[in-house]
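Presented below is the structure to which this report refers.
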Amino acid sequence: MSAQLQNAKAISSSIEIPGRKMEFDFDVDDIPKYWYGNDAFRSTFMNALSCLFPEGERMFMDAVRDNQHKINDPQLQKQIKGFIKQEAIHGHEHAQYNDCMKKWGYPIDSIMRFEKKEKIWMKKWLPASRRLAITCALEHFTAIMAHQILTNPESTEGMHPQFKEMWRWHAIEETEHKAVAFDVYQEAIGSYWLRIFTMLTITVLFCLRTSVVQAIFLWKDGQLFNPKVWWNGFKFYFFKPGLVPTIWRDYLDYFRRDFHPWMHDNRELLAKWEAEEQKYKTV
Ligand SMILES: [Fe+2]
Ligand SMILES: [Fe+2]
């Protein structure tokens, strides 16, 4: 085992994963539809992610729970409890956010119904090992996007304060628990090729799914064929600092045989946020 991997594993087992009581109260009358820098592309992109979170996070919890009996390490068992608590609260808070979006005329209920059916289908037809590999791949996506949100102030510039607070909190907790599903996978399943094959398929499906939901929102707004919206989207993905240039290296690290999420050691972000945001009660 490389020294880098050993170090990442030591960090991983030292991480505490608290559940925090959150009560975001989104007042749609107070929040503009294009709450992210008055930009239709950015706002609908984040809205699409939010729309996919509640069912996605329930799937993650199920996948980890269904493999939990294979874990002997008491610290990892404790972290699993923290992971489940955090994801349950994320799902709940994003459901409030999604309710807010309904008032903007988006077909949230239909999208959520589709997501729920897919989750039931996956539980019925995919083995627990495969669902856990999917969870690890998507948790890697959320972790590297969270890192981007927390380290590039430009990435949250222009967000409505309520949504900014929510996305930063979610980014912090995704960072705290980024290795839990991965550590469970390594102990319970361990296959490198299943992990890599799943990441490749999930990369395509995740990008496609997010884009389709975003396109539905833009179509509802009559903005789908507006060239200015797509130019702003191009800038969002590739310029200043650009989502793709800021995450692609971290994304590719997942393909290393000796990868571990805590090789990207960003504990200083957790400490900084904790020092700034002491108002949240843990549960
Ligand atoms: Fe989450
Ligand atoms: Fe997560």
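The way I read the labels, and the way they are meant: chains A, B, ... in the order of the structure tokens, residue 1 as the first residue of every chain, and ligand 1 as the first ligand shown, with later ones counted on from there.
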
Let me see if you get this right: every residue at most 9 Å from ligand 1, counting only C-alpha atoms and all ligand atoms, written as number ranges by chain. A: 53-54, 56-57, 83, 86-91, 139, 142, 170-171, 173-174, 177

Could those selected residues go to a file with C-alpha atoms, as a tab-separated table (two decimals), in the first residue's frame?
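Here's the written file part_13.tsv:
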chain	number	residue	atom	x	y	z
A	53	PHE	CA	-31.00	14.86	-5.05
A	54	PRO	CA	-33.86	13.56	-2.84
A	56	GLY	CA	-30.67	9.92	-5.51
A	57	GLU	CA	-29.69	10.35	-1.89
A	83	PHE	CA	-23.64	9.47	6.43
A	86	GLN	CA	-26.68	13.70	6.66
A	87	GLU	CA	-28.13	12.34	3.41
A	88	ALA	CA	-31.61	12.06	4.99
A	89	ILE	CA	-31.46	15.72	6.03
A	90	HIS	CA	-30.16	16.73	2.56
A	91	GLY	CA	-33.11	14.96	0.94
A	139	GLU	CA	-20.37	10.66	-4.30
A	142	THR	CA	-20.60	15.56	-5.45
A	170	HIS	CA	-24.49	20.75	1.44
A	171	ALA	CA	-20.97	21.08	0.00
A	173	GLU	CA	-21.35	17.74	4.42
A	174	GLU	CA	-20.57	16.10	1.06
A	177	HIS	CA	-18.77	12.08	4.26

Go through segment 28-105 of chain A and collect every residue that DSSP, computed from the backbone, puts in helix (DSSP H, G or I); the answer should be as an MDAnalysis selection string. chainID A and resid 40:65 68:70 74:102

From A:Ala128, A:Leu49, A:Leu150, A:Cys136, residue lying nearest ligand 2 [only C-alpha atoms and all ligand atoms]: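 Answer, going by the shortest atom-to-atom distance: A:Cys136.
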
For Asn152 of chain A, work out the shell of residues within 10 Å, counting only C-alpha atoms and skipping chain neighbours fewer than 6 positions away, then give it as a PyMOL selection string. chain A and resi 240-242+246

9 Å contact set for Val283 of chain A, only C-alpha atoms, chain neighbours under 2 positions out, as number ranges by chain: A: 18-21, 85, 281

Report, in Å with one decimal, the straight-line distance from atom CA of Lys164 of chain A to atom CA of Ile31 of chain A.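 Atom-to-atom, atom CA of Lys164 of chain A to atom CA of Ile31 of chain A, that is 11.8 Å.
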
Tell me, as number ranges by chain, which residues lie within 10 Å of Ile189 of chain A, counting only C-alpha atoms; anything in the same chain fewer than 4 positions away does not count. A: 67, 70, 128-130, 132-133, 182-185, 194-195

Just N, CA and C atoms for this one: save the residues we selected as a CSV table (one decimal), in the first residue's frame.
chain,number,residue,atom,x,y,z
A,67,ASN,N,-25.1,-3.0,2.4
A,67,ASN,CA,-23.7,-3.6,2.5
A,67,ASN,C,-23.2,-3.5,3.9
A,70,LYS,N,-21.5,-6.2,6.2
A,70,LYS,CA,-20.2,-6.8,5.9
A,70,LYS,C,-19.0,-6.0,6.5
A,128,ALA,N,-26.7,-5.3,-4.7
A,128,ALA,CA,-26.3,-4.3,-3.7
A,128,ALA,C,-24.9,-3.8,-4.1
A,129,SER,N,-24.0,-4.7,-4.6
A,129,SER,CA,-22.6,-4.3,-5.0
A,129,SER,C,-22.6,-3.2,-6.1
A,130,ARG,N,-23.5,-3.4,-7.1
A,130,ARG,CA,-23.6,-2.5,-8.2
A,130,ARG,C,-24.1,-1.1,-7.8
A,132,LEU,N,-23.9,0.1,-4.8
A,132,LEU,CA,-22.9,0.7,-4.0
A,132,LEU,C,-21.8,1.4,-4.9
A,133,ALA,N,-21.4,0.7,-6.0
A,133,ALA,CA,-20.4,1.2,-7.0
A,133,ALA,C,-21.0,2.5,-7.6
A,182,PHE,N,-17.3,4.9,-0.2
A,182,PHE,CA,-16.0,4.3,-0.8
A,182,PHE,C,-15.4,3.3,0.1
A,183,ASP,N,-15.3,3.7,1.4
A,183,ASP,CA,-14.7,2.8,2.4
A,183,ASP,C,-15.5,1.5,2.5
A,184,VAL,N,-16.8,1.7,2.5
A,184,VAL,CA,-17.7,0.5,2.6
A,184,VAL,C,-17.5,-0.4,1.4
A,185,TYR,N,-17.4,0.3,0.2
A,185,TYR,CA,-17.2,-0.5,-1.0
A,185,TYR,C,-15.9,-1.3,-1.0
A,194,LEU,N,-15.2,-3.1,-11.4
A,194,LEU,CA,-16.6,-2.7,-11.3
A,194,LEU,C,-16.7,-1.2,-11.0
A,195,ARG,N,-15.8,-0.8,-10.1
A,195,ARG,CA,-15.7,0.7,-9.7
A,195,ARG,C,-15.5,1.5,-11.0

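The shortest atom-to-atom distance to Met61 of chain A, with only C-alpha atoms taken into account, belongs to A:Val180 out of A:Met46, A:Ile111, A:Val180, A:Ile17.
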
Asp27 of chain A: which residues within 12 Å, counting only C-alpha atoms, same-chain residues fewer than 5 positions away excluded, as a ChimeraX atom specification? /A:32-33,96-101,103-104,160-163

Go through A:Arg209, A:Lys272, A:His140, A:Lys228 one by one, measure the shortest atom-to-atom distance of each to Ile247 of chain A using only C-alpha atoms, and give the residue with the smallest value. A:His140
